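See below for run01.cif, which holds mmCIF, C-alpha atoms.
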data_final
#
loop_
_atom_site.label_atom_id
_atom_site.label_comp_id
_atom_site.auth_asym_id
_atom_site.auth_seq_id
_atom_site.Cartn_x
_atom_site.Cartn_y
_atom_site.Cartn_z
CA ASN A 1 11.68 -47.02 1.59
CA ASN A 2 11.57 -43.30 0.84
CA ASN A 3 8.02 -41.91 0.49
CA VAL A 4 9.20 -38.47 -0.65
CA ASN A 5 9.03 -37.90 -4.38
CA GLU A 6 11.84 -35.49 -5.21
CA ASN A 7 10.87 -35.17 -8.87
CA THR A 8 7.32 -33.94 -8.38
CA ASP A 9 5.78 -31.46 -10.80
CA GLU A 10 3.06 -30.48 -8.36
CA ALA A 11 3.06 -26.85 -7.32
CA LEU A 12 3.50 -26.02 -3.69
CA VAL A 13 0.25 -24.52 -2.43
CA LEU A 14 0.78 -22.06 0.38
CA PRO A 15 -2.07 -21.30 2.77
CA ASN A 16 -3.58 -17.84 2.57
CA LYS A 17 -3.73 -15.52 5.56
CA GLU A 18 -7.30 -16.69 6.33
CA THR A 19 -5.85 -20.07 7.28
CA PHE A 20 -4.02 -18.55 10.23
CA ILE A 21 -6.92 -16.61 11.73
CA SER A 22 -8.38 -18.33 14.77
CA LYS A 23 -11.97 -19.50 14.80
CA GLU A 24 -12.71 -16.96 17.53
CA LYS A 25 -11.30 -14.11 15.43
CA LYS A 26 -13.27 -15.26 12.38
CA LEU A 27 -16.45 -15.35 14.47
CA GLU A 28 -15.71 -11.89 15.88
CA ARG A 29 -15.05 -10.57 12.36
CA ALA A 30 -18.34 -12.08 11.16
CA LYS A 31 -20.18 -10.27 13.97
CA VAL A 32 -18.48 -6.97 13.13
CA VAL A 33 -19.25 -7.42 9.42
CA ALA A 34 -22.91 -8.16 10.23
CA LYS A 35 -23.14 -5.01 12.37
CA PHE A 36 -21.48 -2.97 9.63
CA ASN A 37 -23.84 -4.37 7.02
CA LEU A 38 -26.84 -3.51 9.20
CA GLY A 39 -25.65 0.08 9.58
CA ALA A 40 -24.82 0.14 13.29
CA LYS A 41 -24.59 3.78 14.43
CA ASP A 42 -21.51 3.15 16.58
CA ILE A 43 -19.70 1.08 13.95
CA ILE A 44 -16.43 2.99 14.26
CA ASP A 45 -16.14 2.10 17.95
CA ILE A 46 -17.26 -1.48 17.28
CA ILE A 47 -14.54 -1.97 14.66
CA VAL A 48 -11.84 -0.33 16.81
CA ASP A 49 -12.86 -2.19 20.00
CA ALA A 50 -12.77 -5.51 18.12
CA GLY A 51 -9.24 -4.73 16.94
CA PHE A 52 -9.95 -4.76 13.21
CA ALA A 53 -8.83 -1.18 12.65
CA GLU A 54 -7.20 1.69 14.45
CA LYS A 55 -9.09 4.96 14.63
CA THR A 56 -7.23 6.45 11.67
CA PRO A 57 -8.52 7.12 8.17
CA GLU A 58 -5.84 4.89 6.63
CA SER A 59 -6.69 1.97 8.90
CA PHE A 60 -10.41 2.28 8.21
CA ALA A 61 -9.78 2.55 4.48
CA ALA A 62 -7.78 -0.70 4.67
CA PHE A 63 -10.62 -2.31 6.66
CA LEU A 64 -13.15 -1.31 4.00
CA ARG A 65 -10.93 -2.50 1.15
CA ASN A 66 -9.77 -5.79 2.65
CA THR A 67 -12.52 -7.19 4.86
CA PRO A 68 -14.49 -9.96 3.18
CA GLY A 69 -18.27 -9.84 3.38
CA LEU A 70 -18.80 -6.09 3.69
CA ASP A 71 -21.89 -4.92 1.81
CA LYS A 72 -20.97 -2.59 -1.06
CA VAL A 73 -24.00 -0.39 -0.37
CA MET A 74 -22.89 0.08 3.24
CA ILE A 75 -19.30 0.80 2.16
CA GLY A 76 -20.69 3.50 -0.11
CA GLN A 77 -22.81 4.94 2.70
CA PHE A 78 -19.79 4.97 5.01
CA LEU A 79 -17.66 6.74 2.39
CA ALA A 80 -20.47 9.22 1.76
CA GLY A 81 -20.50 10.44 5.35
CA SER A 82 -20.04 14.18 5.72
CA LYS A 83 -18.34 14.25 9.13
CA PRO A 84 -14.59 14.99 8.94
CA PHE A 85 -13.53 11.45 9.87
CA TYR A 86 -15.71 9.90 7.16
CA VAL A 87 -14.38 12.36 4.57
CA ALA A 88 -10.81 11.53 5.60
CA VAL A 89 -11.57 7.78 5.31
CA MET A 90 -13.05 8.36 1.85
CA LYS A 91 -9.87 10.18 0.75
CA SER A 92 -7.64 7.43 2.16
CA TYR A 93 -9.84 4.78 0.56
CA ILE A 94 -9.52 6.38 -2.87
CA GLU A 95 -5.78 6.92 -2.43
CA SER A 96 -5.34 3.22 -1.62
CA PHE A 97 -6.07 2.29 -5.25
CA ASP A 98 -3.31 1.95 -7.81
CA PHE A 99 -4.58 3.14 -11.18
CA VAL A 100 -1.15 3.28 -12.84
CA GLY A 101 -1.26 1.85 -16.35
CA MET A 102 -5.07 1.83 -16.53
CA TYR A 103 -7.14 3.67 -19.06
CA PHE A 104 -9.60 6.25 -17.70
CA ASP A 105 -12.68 4.04 -18.10
CA GLU A 106 -10.88 0.97 -16.76
CA SER A 107 -9.76 2.80 -13.61
CA LEU A 108 -13.25 4.22 -13.04
CA ARG A 109 -14.83 0.75 -13.39
CA HIS A 110 -12.23 -0.74 -11.05
CA PHE A 111 -12.89 1.97 -8.48
CA LEU A 112 -16.70 1.89 -8.70
CA ASN A 113 -16.76 -1.90 -8.52
CA SER A 114 -15.49 -1.73 -4.92
CA PHE A 115 -18.59 -0.04 -3.48
CA TRP A 116 -22.04 1.25 -4.41
CA LEU A 117 -22.01 4.96 -5.15
CA ALA A 118 -24.94 6.75 -3.51
CA GLY A 119 -27.27 8.62 -5.81
CA GLU A 120 -27.09 11.99 -4.04
CA ALA A 121 -25.42 14.47 -6.42
CA GLN A 122 -23.33 16.16 -3.73
CA VAL A 123 -21.92 12.81 -2.54
CA VAL A 124 -21.22 11.60 -6.08
CA ASP A 125 -19.49 14.89 -6.86
CA ARG A 126 -17.33 14.75 -3.71
CA ILE A 127 -16.23 11.15 -4.30
CA LEU A 128 -15.57 11.52 -8.01
CA GLU A 129 -13.72 14.79 -7.47
CA LYS A 130 -11.33 13.05 -5.08
CA TRP A 131 -11.00 10.09 -7.46
CA GLY A 132 -10.07 12.55 -10.22
CA GLU A 133 -7.21 13.86 -8.08
CA VAL A 134 -5.68 10.41 -7.81
#
If you convert what's in this file into structure tokens, what do you get?
Amino acid sequence: NNNVNENTDEALVLPNKETFISKEKKLERAKVVAKFNLGAKDIIDIIVDAGFAEKTPESFAAFLRNTPGLDKVMIGQFLAGSKPFYVAVMKSYIESFDFVGMYFDESLRHFLNSFWLAGEAQVVDRILEKWGEV
């Protein structure tokens, strides 16, 4: 008696990458996300020490783009930082988007939907100027 149905129309559902993350790593990520969302002053070291990013702008940009649960307001505050590392992360973050084939307004909405843009004119200008270069 063969229990395998060879003529099935059901789609094969593959697990996503979250399925393969250990419970310990998920718990550690939740702690890091909570600290990020609370605005921990030493968040760069916390993220690096936990192994969720390397201390490079590209790695931090990927962390900000791909980590579930990060508060959009806190992402915006991180990107608005004026220290050289924060500015480099902001540039890498913006460059990580693919706006090819999008209309101007569509690309701006897509970009601004990923974080909350701070209200300070200088910060808004800096971020939108870099976005305009992409």
Name the residues captured by the PyMOL selection byres ((chain A and resi 41-45) around 10) when it is applied to the shown file; answer as a PyMOL selection string. chain A and resi 32-33+35-40+46-51+53-55+60+78+85-86
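Between CA of Glu24 (chain A) and CA of Thr56 (chain A) the separation is 24.7 Å.
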Translate the PyMOL selection byres ((chain A and resi 76) around 7) into a concrete residue list for this structure, as a PyMOL selection string. chain A and resi 72-75+77-80+115-118
In terms of the shortest atom-to-atom distance over only C-alpha atoms, which of A:Met102, A:Met90, A:Val123, A:Ala34 is closest to Leu64 (chain A)? A:Met90
Give me the residues within 10 Å of Phe97 (chain A) as a VMD selection string, counting only C-alpha atoms and dropping any in the same chain fewer than 5 places off. chain A and resid 65 92 107 110 to 111 131 134
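Atom pair CA of Phe52 (chain A) / CA of Lys25 (chain A) has a distance of 9.7 Å (rounded to one decimal).
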The distance between CA of Phe99 (chain A) and CA of Asp71 (chain A) is 23.1 Å
Go through A:Ile94, A:Ser114, A:Gly101, A:Asn66 and flag the residue nearest Glu129 (chain A), using only C-alpha atoms for the distances. A:Ile94
If I put a ball of radius 6 Å at (-10.0, 7.7, 5.6) in the file's coordinates, which residues poke into it when counting all atoms listed in the file, written as a PyMOL selection string? chain A and resi 57-58+61+88-93
